[in-house]
Structures are given as structure tokens and as C-alpha cells.
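Structure file start_4.json; described as JSON, C-alpha atoms.
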[["chain", "number", "residue", "atom", "x", "y", "z"],
["A", 24, "MET", "CA", 59.67, -7.88, 85.66],
["A", 25, "ARG", "CA", 57.49, -10.80, 84.65],
["A", 26, "ALA", "CA", 59.18, -13.18, 82.22],
["A", 27, "VAL", "CA", 58.23, -16.43, 80.56],
["A", 28, "VAL", "CA", 61.28, -18.50, 79.62],
["A", 29, "THR", "CA", 61.05, -21.23, 77.00],
["A", 30, "GLY", "CA", 63.59, -23.57, 75.43],
["A", 31, "GLN", "CA", 63.89, -27.06, 74.09],
["A", 32, "ILE", "CA", 64.56, -30.13, 76.16],
["A", 33, "GLY", "CA", 68.25, -30.49, 76.93],
["A", 34, "VAL", "CA", 68.97, -26.79, 77.39],
["A", 35, "ASP", "CA", 68.83, -27.21, 81.18],
["A", 36, "LYS", "CA", 66.63, -24.19, 81.79],
["A", 37, "LYS", "CA", 65.67, -25.19, 85.32],
["A", 38, "PRO", "CA", 69.15, -25.20, 86.93],
["A", 39, "TYR", "CA", 70.05, -22.02, 85.05],
["A", 40, "LEU", "CA", 66.89, -20.24, 86.22],
["A", 41, "GLU", "CA", 67.37, -21.50, 89.79],
["A", 42, "ASP", "CA", 70.80, -19.84, 89.70],
["A", 43, "VAL", "CA", 69.23, -16.62, 88.37],
["A", 44, "GLN", "CA", 66.76, -16.75, 91.27],
["A", 45, "LEU", "CA", 69.56, -17.32, 93.79],
["A", 46, "ARG", "CA", 71.61, -14.42, 92.44],
["A", 47, "ALA", "CA", 68.60, -12.11, 92.47],
["A", 48, "GLY", "CA", 68.03, -13.02, 96.13],
["A", 49, "GLU", "CA", 71.67, -12.29, 96.93],
["A", 50, "ARG", "CA", 71.11, -8.80, 95.49],
["A", 51, "ARG", "CA", 68.00, -8.42, 97.68],
["A", 52, "ASP", "CA", 65.80, -8.41, 94.61],
["A", 53, "PRO", "CA", 63.47, -11.39, 95.26],
["A", 54, "LEU", "CA", 62.41, -13.38, 92.23],
["A", 55, "GLU", "CA", 59.76, -16.08, 92.16],
["A", 56, "LEU", "CA", 60.41, -19.05, 89.88],
["A", 57, "PHE", "CA", 57.57, -21.24, 88.67],
["A", 58, "ASN", "CA", 58.38, -24.48, 86.85],
["A", 59, "VAL", "CA", 55.34, -25.53, 84.84],
["A", 60, "GLY", "CA", 56.54, -29.12, 84.45],
["A", 61, "GLU", "CA", 56.88, -29.59, 88.22],
["A", 62, "ARG", "CA", 53.40, -28.21, 88.74],
["A", 63, "MET", "CA", 51.97, -30.53, 86.10],
["A", 64, "TYR", "CA", 53.51, -33.54, 87.86],
["A", 65, "ALA", "CA", 52.16, -32.26, 91.18],
["A", 66, "GLU", "CA", 48.68, -32.24, 89.64],
["A", 67, "ALA", "CA", 49.19, -35.84, 88.44],
["A", 68, "PRO", "CA", 50.85, -37.88, 91.21],
["A", 69, "ASP", "CA", 49.96, -41.08, 89.33],
["A", 70, "VAL", "CA", 52.33, -40.18, 86.47],
["A", 71, "ARG", "CA", 55.93, -41.43, 86.66],
["A", 72, "ALA", "CA", 58.73, -38.90, 86.19],
["A", 73, "GLY", "CA", 59.57, -38.39, 82.54],
["A", 74, "ARG", "CA", 56.30, -39.92, 81.33],
["A", 75, "ILE", "CA", 53.89, -36.99, 81.32],
["A", 76, "LEU", "CA", 53.94, -36.60, 77.53],
["A", 77, "ASP", "CA", 52.71, -40.18, 77.23],
["A", 78, "LEU", "CA", 49.33, -39.15, 78.65],
["A", 79, "PRO", "CA", 46.33, -38.70, 76.38],
["A", 80, "LEU", "CA", 46.44, -35.22, 74.88],
["A", 81, "SER", "CA", 43.21, -34.14, 76.60],
["A", 82, "ARG", "CA", 44.61, -34.93, 80.06],
["A", 83, "LEU", "CA", 47.95, -33.35, 79.22],
["A", 84, "LEU", "CA", 46.25, -30.11, 78.17],
["A", 85, "THR", "CA", 44.09, -30.14, 81.31],
["A", 86, "LEU", "CA", 47.17, -30.56, 83.52],
["A", 87, "ARG", "CA", 48.97, -27.76, 81.73],
["A", 88, "ARG", "CA", 46.00, -25.40, 82.10],
["A", 89, "ALA", "CA", 45.72, -26.29, 85.80],
["A", 90, "ALA", "CA", 49.42, -25.55, 86.33],
["A", 91, "PHE", "CA", 49.14, -22.15, 84.63],
["A", 92, "LYS", "CA", 45.92, -21.38, 86.51],
["A", 93, "ASP", "CA", 47.72, -21.99, 89.82],
["A", 94, "ILE", "CA", 50.65, -19.81, 88.77],
["A", 95, "ILE", "CA", 48.35, -16.99, 87.70],
["A", 96, "ALA", "CA", 46.33, -17.21, 90.92],
["A", 97, "SER", "CA", 49.44, -17.09, 93.09],
["A", 98, "THR", "CA", 50.90, -14.07, 91.27],
["A", 99, "MET", "CA", 47.88, -11.78, 91.20],
["A", 100, "PRO", "CA", 47.61, -8.93, 91.68],
["A", 101, "ALA", "CA", 50.79, -8.25, 89.74],
["A", 102, "GLU", "CA", 51.95, -5.70, 92.33],
["A", 103, "ASP", "CA", 52.27, -8.53, 94.87],
["A", 104, "SER", "CA", 54.58, -10.55, 92.59],
["A", 105, "PRO", "CA", 56.49, -7.98, 90.57],
["A", 106, "ASN", "CA", 59.48, -10.21, 89.75],
["A", 107, "LEU", "CA", 58.78, -13.67, 88.45],
["A", 108, "ILE", "CA", 59.91, -16.18, 85.89],
["A", 109, "VAL", "CA", 57.73, -18.94, 84.48],
["A", 110, "ASN", "CA", 59.80, -21.82, 83.13],
["A", 111, "THR", "CA", 57.97, -23.70, 80.38],
["A", 112, "HIS", "CA", 58.20, -24.81, 76.80],
["A", 113, "ALA", "CA", 56.61, -23.05, 73.85],
["A", 114, "THR", "CA", 55.83, -26.32, 72.08],
["A", 115, "PHE", "CA", 55.88, -30.05, 72.62],
["A", 116, "ARG", "CA", 56.61, -32.65, 69.97],
["A", 117, "TRP", "CA", 55.69, -36.16, 70.95],
["A", 118, "ARG", "CA", 53.44, -38.99, 69.83],
["A", 119, "HIS", "CA", 50.59, -36.49, 69.65],
["A", 120, "GLY", "CA", 52.56, -34.49, 67.08],
["A", 121, "LEU", "CA", 53.46, -30.83, 67.54],
["A", 122, "PHE", "CA", 51.30, -28.85, 69.95],
["A", 123, "SER", "CA", 51.45, -25.66, 71.97],
["A", 124, "ALA", "CA", 52.75, -25.71, 75.54],
["A", 125, "PHE", "CA", 50.60, -22.78, 76.69],
["A", 126, "ASP", "CA", 47.28, -21.13, 75.92],
["A", 127, "PHE", "CA", 47.10, -17.50, 74.82],
["A", 128, "ASP", "CA", 44.24, -16.61, 77.17],
["A", 129, "GLN", "CA", 46.32, -17.67, 80.15],
["A", 130, "MET", "CA", 49.42, -15.96, 78.80],
["A", 131, "ARG", "CA", 47.46, -12.71, 78.46],
["A", 132, "GLU", "CA", 46.18, -13.10, 82.01],
["A", 133, "LEU", "CA", 49.71, -13.71, 83.33],
["A", 134, "ALA", "CA", 50.77, -10.55, 81.44],
["A", 135, "PRO", "CA", 54.51, -11.17, 81.06],
["A", 136, "ASP", "CA", 56.74, -8.22, 80.25],
["A", 137, "MET", "CA", 58.93, -10.42, 78.09],
["A", 138, "LEU", "CA", 59.27, -13.88, 76.60],
["A", 139, "ILE", "CA", 62.74, -15.36, 76.45],
["A", 140, "CYS", "CA", 63.77, -18.44, 74.49],
["A", 141, "LEU", "CA", 66.98, -20.00, 75.79],
["A", 142, "VAL", "CA", 69.07, -21.79, 73.19],
["A", 143, "ASP", "CA", 72.29, -23.75, 73.30],
["A", 144, "ASN", "CA", 74.67, -25.25, 70.80],
["A", 145, "ILE", "CA", 73.01, -28.26, 69.15],
["A", 146, "GLU", "CA", 75.99, -30.55, 69.73],
["A", 147, "VAL", "CA", 75.96, -29.67, 73.45],
["A", 148, "VAL", "CA", 72.21, -30.32, 73.68],
["A", 149, "HIS", "CA", 72.64, -33.61, 71.81],
["A", 150, "HIS", "CA", 75.40, -34.75, 74.18],
["A", 151, "ARG", "CA", 73.41, -33.68, 77.26],
["A", 152, "LEU", "CA", 70.26, -35.51, 76.11],
["A", 153, "HIS", "CA", 72.09, -38.73, 75.41],
["A", 154, "ARG", "CA", 73.98, -38.53, 78.70],
["A", 155, "GLU", "CA", 71.12, -37.48, 81.02],
["A", 156, "HIS", "CA", 67.89, -38.49, 79.26],
["A", 157, "THR", "CA", 66.57, -41.35, 77.19],
["A", 158, "VAL", "CA", 65.80, -39.16, 74.19],
["A", 159, "ASP", "CA", 66.97, -40.70, 70.93],
["A", 160, "ALA", "CA", 67.10, -37.55, 68.82],
["A", 161, "THR", "CA", 69.29, -36.78, 65.84],
["A", 162, "LEU", "CA", 71.03, -33.47, 65.36],
["A", 163, "LYS", "CA", 68.42, -32.63, 62.73],
["A", 164, "ASP", "CA", 65.60, -33.39, 65.21],
["A", 165, "LEU", "CA", 67.19, -31.07, 67.74],
["A", 166, "MET", "CA", 67.59, -28.27, 65.21],
["A", 167, "VAL", "CA", 63.93, -28.57, 64.24],
["A", 168, "TRP", "CA", 62.82, -28.60, 67.90],
["A", 169, "ARG", "CA", 64.95, -25.54, 68.63],
["A", 170, "GLU", "CA", 63.45, -23.63, 65.71],
["A", 171, "GLU", "CA", 59.93, -24.61, 66.78],
["A", 172, "GLU", "CA", 60.59, -23.25, 70.28],
["A", 173, "ILE", "CA", 62.01, -20.01, 68.90],
["A", 174, "MET", "CA", 59.13, -19.48, 66.44],
["A", 175, "ALA", "CA", 56.39, -20.32, 68.94],
["A", 176, "THR", "CA", 57.98, -18.05, 71.56],
["A", 177, "GLU", "CA", 58.05, -15.20, 69.04]]
Would you mind writing the structure in this file as C-alpha cells?
Amino acid sequence: MRAVVTGQIGVDKKPYLEDVQLRAGERRDPLELFNVGERMYAEAPDVRAGRILDLPLSRLLTLRRAAFKDIIASTMPAEDSPNLIVNTHATFRWRHGLFSAFDFDQMRELAPDMLICLVDNIEVVHHRLHREHTVDATLKDLMVWREEEIMATE
């Protein structure tokens, strides 16, 4: 099973997917987890945590492509990595406007069996973002971002 999991900021995909990976291992069904954001930061050690979206769009897109390229290279042939999850976003909305968080050519090459968009209650996401992040988003903003993630994942 090869899955790409998307979801808006504040859904806490990473800890959830790490738990999925742990539970799969406990069942002796190994599962590789690839966090695109972590790989982008690894490609850009000069960028402070939480500031990657402040980069010029051209560099941001280059970092994202490099992260996906590394994931694809480390999971091919598919028989060698039959169970994997790629944790990413479907879209980003920042100073650059709204833009895609992946490229279709790389998604085709990765060949996921499914795309999953994790969602959570908007009030919970709002509370989490204001408690754990410095995102000043209204409930309306969060609803729009959630819908963008769902639509782009579809």
C-alpha cells in the first residue's frame, strides 16, 4: 500500500502518522513514513524552522521537487517499498498566494495506491494553531484552507 496523506496545517498529521507507523511495526507489517516538510528543511539548512514558506517561490518549488525526488528514488522499485506513506500538503497558501504542494509528474512516478486527506473539526484546528503555532487565522480562513486541501487532493 502506497499512500499520500494530505491535510491542512493544524491537523497534526505527523504525530498521527508516526503512530500509524508504530502500530504497523507492532503488527510486523513495516511501513515507511516520509515527511516532505522535514526533507525540504534538510535540503535547506539555512532556513529557520517555520520559515520555509517565506522563501522565494522558485526556491520553494525546487526544494519541494528535490524532496519528492529523494522519496521516489528511495522507494523504487515499488516491490522494495510496498508499504509507505508520504506526508505532505496538497496546497499551500502564503504570501505567494495559493499554489500546489506537489507536481503531477512526480506523483505519477511515486504511483500511490490512494490519496488521503485528513480533516479535523475547525474549532479544534483553530485552537491548536493558536496554542502551538503563530498562525493568525480566522475560522473562515481555516474552512477555506481545509476545502482547498480536500479539492486539490481529489
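Residues with any atom within 8 Å of range 40-57 of chain A, counting all atoms listed in the file and excluding same-chain neighbours fewer than 2 positions away, are Lys36, Lys37, Pro38, Val59, Ile94, Ser104, Asn106, Leu107, Ile108, Val109 and Asn110 of chain A.
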Do you know which residues are at most 10 Å from Arg151 in chain A counting all atoms listed in the file, after dropping those on the same chain fewer than 3 positions away, and could you put them as an mmCIF file with C-alpha atoms, keeping the file's coordinate frame?
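Output below, filename out20.cif:
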data_model
loop_
_atom_site.group_PDB
_atom_site.id
_atom_site.type_symbol
_atom_site.label_atom_id
_atom_site.label_comp_id
_atom_site.auth_asym_id
_atom_site.auth_seq_id
_atom_site.Cartn_x
_atom_site.Cartn_y
_atom_site.Cartn_z
ATOM 1 C CA ILE A 32 64.560 -30.130 76.160
ATOM 2 C CA GLY A 33 68.250 -30.490 76.930
ATOM 3 C CA VAL A 34 68.970 -26.790 77.390
ATOM 4 C CA ASP A 35 68.830 -27.210 81.180
ATOM 5 C CA ILE A 145 73.010 -28.260 69.150
ATOM 6 C CA GLU A 146 75.990 -30.550 69.730
ATOM 7 C CA VAL A 147 75.960 -29.670 73.450
ATOM 8 C CA VAL A 148 72.210 -30.320 73.680
ATOM 9 C CA ARG A 154 73.980 -38.530 78.700
ATOM 10 C CA GLU A 155 71.120 -37.480 81.020
ATOM 11 C CA HIS A 156 67.890 -38.490 79.260
ATOM 12 C CA VAL A 158 65.800 -39.160 74.190
#
Using all atoms listed in the file, list the residues that have an atom at most 10 Å from (57.8, -13.1, 76.5), coordinates as in the file, as number ranges by chain. A: 25-29, 109, 130, 134-140, 176-177
May I ask for the distance between CA of Arg87 in chain A and CA of Arg131 in chain A, given in Å to one decimal place?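 Going from CA of Arg87 in chain A over to CA of Arg131 in chain A, I get 15.5 Å.
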Under the rule that only C-alpha atoms are counted, which of A:Phe122, A:Gly60, A:His153, A:Ala160 is the nearest residue to Ser81 in chain A? A:Phe122
Once 5 Å is added on each side, what are the centre and the three edge lengths, in Å to one decimal, of the axis-aligned box enclosing the listed atoms of range 95-111 of chain A? Present them as lines of an AutoDock Vina configuration file.
center_x = 53.1
center_y = -14.7
center_z = 87.6
size_x = 23.6
size_y = 28.0
size_z = 24.5
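Between CA of Ala175 in chain A and CA of Arg116 in chain A lies a distance of 12.4 Å.
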Residue among A:Ile95, A:Val142, A:Trp168, A:Ala101 lying closest to Gly120 in chain A, counting all atoms listed in the file: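 Among the listed residues, A:Trp168 lies closest to Gly120 in chain A.
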May I ask which of the residues A:Arg62, A:Met166, A:Met99, A:His119 is the closest one to Asp77 in chain A, counting all atoms listed in the file?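 Comparing A:Arg62, A:Met166, A:Met99, A:His119 against Asp77 in chain A, the winner is A:His119.
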CA of Lys92 in chain A to CA of Trp117 in chain A: how many Å, to one decimal?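 Answer for the CA of Lys92 in chain A to CA of Trp117 in chain A separation: 23.6 Å.
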Selected residue of minimal separation from Asp93 in chain A among A:Ser123, A:Gln129, A:Thr157, A:Gln31, counting only C-alpha atoms: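 Using only C-alpha atoms, Asp93 in chain A sits closest to A:Gln129.
Distances to Ala113 in chain A were evaluated for A:Lys163, A:Arg169, A:Arg71, A:Arg82 using only C-alpha atoms, and the minimum falls at A:Arg169.
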Find the residues near range 124-127 of chain A: any atom within 9 Å, counting only C-alpha atoms, skip ones fewer than 4 places away on the same chain, and give them as a ChimeraX atom specification. /A:84,87-88,91,111-115,131-132
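Counting only C-alpha atoms and comparing A:Gly30, A:Val70, A:Met24, A:Leu152, the residue that lies closest to Glu170 in chain A is A:Gly30.
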What would range 66-77 of chain A look like with all heavy atoms in place, written as a CSV table (one decimal), keeping the file's coordinate frame?
chain,number,residue,atom,x,y,z
A,66,GLU,N,50.1,-32.1,89.9
A,66,GLU,CA,48.7,-32.2,89.6
A,66,GLU,C,48.4,-33.7,89.3
A,66,GLU,O,47.2,-34.1,89.3
A,66,GLU,CB,48.2,-31.3,88.5
A,66,GLU,CG,48.3,-29.9,88.8
A,66,GLU,CD,47.0,-29.4,89.5
A,66,GLU,OE1,46.0,-30.1,89.4
A,66,GLU,OE2,47.1,-28.3,90.1
A,67,ALA,N,49.4,-34.5,88.9
A,67,ALA,CA,49.2,-35.8,88.4
A,67,ALA,C,50.1,-36.8,89.2
A,67,ALA,O,51.1,-37.3,88.6
A,67,ALA,CB,49.4,-35.9,86.9
A,68,PRO,N,49.9,-37.0,90.5
A,68,PRO,CA,50.8,-37.9,91.2
A,68,PRO,C,50.9,-39.3,90.7
A,68,PRO,O,51.8,-40.1,91.0
A,68,PRO,CB,50.3,-37.8,92.6
A,68,PRO,CG,48.9,-37.4,92.5
A,68,PRO,CD,48.8,-36.5,91.3
A,69,ASP,N,50.0,-39.7,89.9
A,69,ASP,CA,50.0,-41.1,89.3
A,69,ASP,C,50.9,-41.2,88.1
A,69,ASP,O,51.1,-42.4,87.7
A,69,ASP,CB,48.5,-41.5,88.9
A,69,ASP,CG,48.0,-40.5,87.8
A,69,ASP,OD1,48.1,-39.3,88.1
A,69,ASP,OD2,47.5,-41.0,86.8
A,70,VAL,N,51.5,-40.1,87.7
A,70,VAL,CA,52.3,-40.2,86.5
A,70,VAL,C,53.8,-40.3,86.9
A,70,VAL,O,54.3,-39.4,87.7
A,70,VAL,CB,52.1,-38.9,85.6
A,70,VAL,CG1,53.0,-39.0,84.4
A,70,VAL,CG2,50.6,-38.9,85.2
A,71,ARG,N,54.5,-41.3,86.4
A,71,ARG,CA,55.9,-41.4,86.7
A,71,ARG,C,56.7,-40.3,86.0
A,71,ARG,O,56.4,-39.8,85.0
A,71,ARG,CB,56.4,-42.8,86.1
A,71,ARG,CG,56.0,-44.0,86.9
A,71,ARG,CD,56.7,-45.3,86.4
A,71,ARG,NE,57.5,-45.1,85.2
A,71,ARG,CZ,57.3,-45.8,84.1
A,71,ARG,NH1,56.3,-46.7,84.0
A,71,ARG,NH2,58.1,-45.7,83.1
A,72,ALA,N,57.8,-39.9,86.7
A,72,ALA,CA,58.7,-38.9,86.2
A,72,ALA,C,59.2,-39.2,84.8
A,72,ALA,O,59.5,-40.4,84.5
A,72,ALA,CB,59.9,-38.8,87.1
A,73,GLY,N,59.1,-38.2,83.9
A,73,GLY,CA,59.6,-38.4,82.5
A,73,GLY,C,58.5,-39.0,81.6
A,73,GLY,O,58.8,-39.3,80.5
A,74,ARG,N,57.3,-39.2,82.1
A,74,ARG,CA,56.3,-39.9,81.3
A,74,ARG,C,55.1,-39.1,81.1
A,74,ARG,O,54.1,-39.5,80.5
A,74,ARG,CB,55.9,-41.2,82.0
A,74,ARG,CG,57.0,-42.2,82.0
A,74,ARG,CD,57.0,-42.9,80.7
A,74,ARG,NE,58.2,-43.5,80.3
A,74,ARG,CZ,58.9,-43.1,79.2
A,74,ARG,NH1,58.6,-42.1,78.5
A,74,ARG,NH2,59.9,-43.8,78.8
A,75,ILE,N,55.1,-37.8,81.4
A,75,ILE,CA,53.9,-37.0,81.3
A,75,ILE,C,53.4,-36.8,79.9
A,75,ILE,O,52.2,-36.8,79.6
A,75,ILE,CB,54.1,-35.6,82.0
A,75,ILE,CG1,52.7,-35.1,82.4
A,75,ILE,CG2,54.9,-34.7,81.2
A,75,ILE,CD1,52.7,-34.1,83.6
A,76,LEU,N,54.3,-36.8,78.9
A,76,LEU,CA,53.9,-36.6,77.5
A,76,LEU,C,53.3,-37.9,76.9
A,76,LEU,O,52.7,-37.8,75.9
A,76,LEU,CB,55.1,-36.2,76.7
A,76,LEU,CG,55.7,-34.8,76.9
A,76,LEU,CD1,56.9,-34.5,76.0
A,76,LEU,CD2,54.6,-33.7,76.7
A,77,ASP,N,53.4,-39.0,77.7
A,77,ASP,CA,52.7,-40.2,77.2
A,77,ASP,C,51.2,-40.2,77.5
A,77,ASP,O,50.5,-41.1,77.1
A,77,ASP,CB,53.4,-41.4,77.9
A,77,ASP,CG,54.8,-41.6,77.4
A,77,ASP,OD1,55.1,-41.2,76.3
A,77,ASP,OD2,55.6,-42.3,78.1
